[in-house]
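Visitor: A single structure is presented below for examination.
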Amino acid sequence: MSGSEWTDPRPMSPHLQVWKWHWTMATSIFHRVTGVGNYLGALLISVWLIALATGPEAYGFVEGIMFHPVGQILLFFWLLSLVFHLVNGVRFLLWDGPKIGFEPKTASRVSIFNFAIAIILAATIWSLATNLF
Amino acid sequence: MSTDFKTPTGAVRGLGAARAGTGHHIKQRVSAIALLFLVPWFLYAVIAASRGGFDGATAWLAQPWNAILMILTLGAAFYHMRLGIQVIIEDYIHKAGMKQGLLILNTFVCVGLFTATALSVLKVWISAGL
């Protein structure tokens with residue numbers, strides 16, 4: 001929280017530095033991190049749509065960036081970020097709606113599962129996208 | 001009888017609940033449920049559309065269902081994004097002025113991009129003349 005001017009007299013929740021790393025806090029933090037990642041990716045998708053409406057020249061320029069190796073790497077990480085946020089988001093809905101999955105052991109297992117399934121899904125979608133189309 | 005001992009000024013300065021948290025929470029969840037269905041479609045759609053170059057992408061977006069689902073995805077996504085980033089700004093940025101500025105910027109970016117992208121979809125769809 002360096003650089004900020006904290007004026008609120010109420011007690012603060014513990015900082016990231018004093019938390020012991022464990023699976024459920026990792027999914028919680030990565031949910032936020034991927035949320036920000038998805039936001040940045042949405043800016044790129046917006047550029048793609050606006051270029052499509054602008055015309056072939058603008059679209060060609062955006063396509064050049066998209067299919068450039070750097071663009072492809074960014075797109076893959078955006079896909080991974082999006083898939084993780086989606087999969088982990090289902091868990092939040094299960095917590096809030098039917099209120100299931102709170103058992104500490106279950107919560108940790110689901111966290112590990114979410115990381116694993118996000119990587120597997122992103123890799124599968126990517127390979128299908130590059131090979132089938 | 002009220003059990004709230006805070007003065008109205010204290011509450012206004014942000015030292016009390018603004019009583020809008022539940023609404024925010026529900027909106028975030030409802031948009032999440034919509035995106036649960038829209039995002040898988042969106043991933044498939046964008047991959048399919050981006051393979052055919054400019055002509056392929058415009059032909060794809062000229063299909064009514066694609067245009068409808070695309071605008072719905074954009075609406076739900078920008079709405080969900082605005083709510084999510086709002087919470088992150090409120091949690092981590094405490095500097096007066098900076099916080100409010102970023103919150104306003106977040107709203108402008110999300111509303112602005114939704115308008116621009118939705119208009120783009122409509123333009124492509126109408127230009128196709130279907």
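Chain labels follow the order of the structure tokens: the first chain is A, the next B, and so on; residue numbering restarts at 1 in every chain, and ligands are counted from 1 in their shown order.
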Identify, on the basis of only C-alpha atoms, every residue whose closest approach to stretch 74-82 of chain A does not exceed 7 Å; exclude the query and any residue fewer than 3 positions from it along the same chain; express the result as a ChimeraX atom specification.

Guide: /A:34,37-38,41,70-71,85-86,118-119,122

Visitor: Using 10 Å as the limit and counting only C-alpha atoms, can you tabulate each residue of chain A that touches chain B, with its shortest atom-to-atom distance in Å and the two atoms involved, as JSON lines?

Guide:
```
{"residue": "A:Met1", "atom": "CA", "partner": "B:Tyr92", "partner_atom": "CA", "distance": 7.2}
{"residue": "A:Gly3", "atom": "CA", "partner": "B:Lys95", "partner_atom": "CA", "distance": 8.4}
{"residue": "A:Ser4", "atom": "CA", "partner": "B:Lys95", "partner_atom": "CA", "distance": 5.3}
{"residue": "A:Glu5", "atom": "CA", "partner": "B:Lys95", "partner_atom": "CA", "distance": 5.2}
{"residue": "A:Trp6", "atom": "CA", "partner": "B:His94", "partner_atom": "CA", "distance": 6.1}
{"residue": "A:Thr7", "atom": "CA", "partner": "B:His94", "partner_atom": "CA", "distance": 8.1}
{"residue": "A:Asp8", "atom": "CA", "partner": "B:Leu15", "partner_atom": "CA", "distance": 7.6}
{"residue": "A:Pro9", "atom": "CA", "partner": "B:Leu15", "partner_atom": "CA", "distance": 8.7}
{"residue": "A:Arg10", "atom": "CA", "partner": "B:Leu15", "partner_atom": "CA", "distance": 8.2}
{"residue": "A:Arg32", "atom": "CA", "partner": "B:Ile88", "partner_atom": "CA", "distance": 7.8}
{"residue": "A:Val33", "atom": "CA", "partner": "B:Ile88", "partner_atom": "CA", "distance": 9.8}
{"residue": "A:Gly35", "atom": "CA", "partner": "B:Gly84", "partner_atom": "CA", "distance": 7.3}
{"residue": "A:Val36", "atom": "CA", "partner": "B:Ile85", "partner_atom": "CA", "distance": 7.1}
{"residue": "A:Asn38", "atom": "CA", "partner": "B:Met81", "partner_atom": "CA", "distance": 8.3}
{"residue": "A:Tyr39", "atom": "CA", "partner": "B:Met81", "partner_atom": "CA", "distance": 6.4}
{"residue": "A:Ala42", "atom": "CA", "partner": "B:Phe78", "partner_atom": "CA", "distance": 8.4}
{"residue": "A:Leu43", "atom": "CA", "partner": "B:Leu113", "partner_atom": "CA", "distance": 7.9}
{"residue": "A:Ile45", "atom": "CA", "partner": "B:Thr117", "partner_atom": "CA", "distance": 9.0}
{"residue": "A:Ser46", "atom": "CA", "partner": "B:Thr117", "partner_atom": "CA", "distance": 5.9}
{"residue": "A:Val47", "atom": "CA", "partner": "B:Thr117", "partner_atom": "CA", "distance": 8.3}
{"residue": "A:Trp48", "atom": "CA", "partner": "B:Thr117", "partner_atom": "CA", "distance": 9.1}
{"residue": "A:Leu49", "atom": "CA", "partner": "B:Thr117", "partner_atom": "CA", "distance": 6.1}
{"residue": "A:Ile50", "atom": "CA", "partner": "B:Ser120", "partner_atom": "CA", "distance": 5.5}
{"residue": "A:Ala51", "atom": "CA", "partner": "B:Ser120", "partner_atom": "CA", "distance": 8.4}
{"residue": "A:Leu52", "atom": "CA", "partner": "B:Phe54", "partner_atom": "CA", "distance": 7.0}
{"residue": "A:Ala53", "atom": "CA", "partner": "B:Ser120", "partner_atom": "CA", "distance": 5.0}
{"residue": "A:Thr54", "atom": "CA", "partner": "B:Ser120", "partner_atom": "CA", "distance": 8.0}
{"residue": "A:Gly55", "atom": "CA", "partner": "B:Phe54", "partner_atom": "CA", "distance": 8.1}
{"residue": "A:Pro56", "atom": "CA", "partner": "B:Phe54", "partner_atom": "CA", "distance": 5.9}
{"residue": "A:Glu57", "atom": "CA", "partner": "B:Phe54", "partner_atom": "CA", "distance": 9.0}
{"residue": "A:Ala58", "atom": "CA", "partner": "B:Phe54", "partner_atom": "CA", "distance": 9.6}
{"residue": "A:Tyr59", "atom": "CA", "partner": "B:Phe54", "partner_atom": "CA", "distance": 6.4}
{"residue": "A:Gly60", "atom": "CA", "partner": "B:Phe54", "partner_atom": "CA", "distance": 7.3}
{"residue": "A:Glu63", "atom": "CA", "partner": "B:Gly53", "partner_atom": "CA", "distance": 7.9}
{"residue": "A:Met66", "atom": "CA", "partner": "B:Ser50", "partner_atom": "CA", "distance": 9.4}
{"residue": "A:Phe67", "atom": "CA", "partner": "B:Ser50", "partner_atom": "CA", "distance": 10.0}
{"residue": "A:Leu79", "atom": "CA", "partner": "B:Leu43", "partner_atom": "CA", "distance": 8.4}
{"residue": "A:Leu82", "atom": "CA", "partner": "B:Val39", "partner_atom": "CA", "distance": 8.6}
{"residue": "A:Val83", "atom": "CA", "partner": "B:Pro40", "partner_atom": "CA", "distance": 9.0}
{"residue": "A:Leu86", "atom": "CA", "partner": "B:Leu36", "partner_atom": "CA", "distance": 6.8}
{"residue": "A:Val87", "atom": "CA", "partner": "B:Leu36", "partner_atom": "CA", "distance": 8.9}
{"residue": "A:Gly89", "atom": "CA", "partner": "B:Ala32", "partner_atom": "CA", "distance": 7.4}
{"residue": "A:Val90", "atom": "CA", "partner": "B:Leu36", "partner_atom": "CA", "distance": 7.9}
{"residue": "A:Phe92", "atom": "CA", "partner": "B:Arg29", "partner_atom": "CA", "distance": 8.6}
{"residue": "A:Leu93", "atom": "CA", "partner": "B:Arg29", "partner_atom": "CA", "distance": 7.0}
{"residue": "A:Asp96", "atom": "CA", "partner": "B:Arg29", "partner_atom": "CA", "distance": 8.7}
{"residue": "A:Gly97", "atom": "CA", "partner": "B:Arg29", "partner_atom": "CA", "distance": 9.5}
{"residue": "A:Ile125", "atom": "CA", "partner": "B:Leu43", "partner_atom": "CA", "distance": 8.7}
{"residue": "A:Trp126", "atom": "CA", "partner": "B:Ile47", "partner_atom": "CA", "distance": 9.3}
{"residue": "A:Leu128", "atom": "CA", "partner": "B:Ile47", "partner_atom": "CA", "distance": 9.6}
{"residue": "A:Ala129", "atom": "CA", "partner": "B:Ile47", "partner_atom": "CA", "distance": 6.3}
{"residue": "A:Thr130", "atom": "CA", "partner": "B:Ile47", "partner_atom": "CA", "distance": 8.9}
{"residue": "A:Leu132", "atom": "CA", "partner": "B:Ala48", "partner_atom": "CA", "distance": 9.7}
{"residue": "A:Phe133", "atom": "CA", "partner": "B:Arg51", "partner_atom": "CA", "distance": 6.7}
```

Visitor: Expressed in Å to a single decimal, how great is the separation between atom CA of A:Pro69 and atom CA of A:Ser127?

Guide: 15.2 Å

Visitor: Have a look at atom CA of A:Thr27 and atom CA of A:Ser111 and let me know their distance in Å, one decimal.

Guide: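 About the pair atom CA of A:Thr27 and atom CA of A:Ser111: they are 6.0 Å apart.
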
Visitor: So how far away is atom CA of B:Val111 from atom CA of B:His24, in Å?

Guide: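 That distance, rounded to one decimal, is 17.0 Å.
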
Visitor: Using only C-alpha atoms, which of A:Ile73, A:His31, A:Arg91, A:Leu44 sits nearest A:Ser108?

Guide: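 Answer, going by the shortest atom-to-atom distance: A:Arg91.
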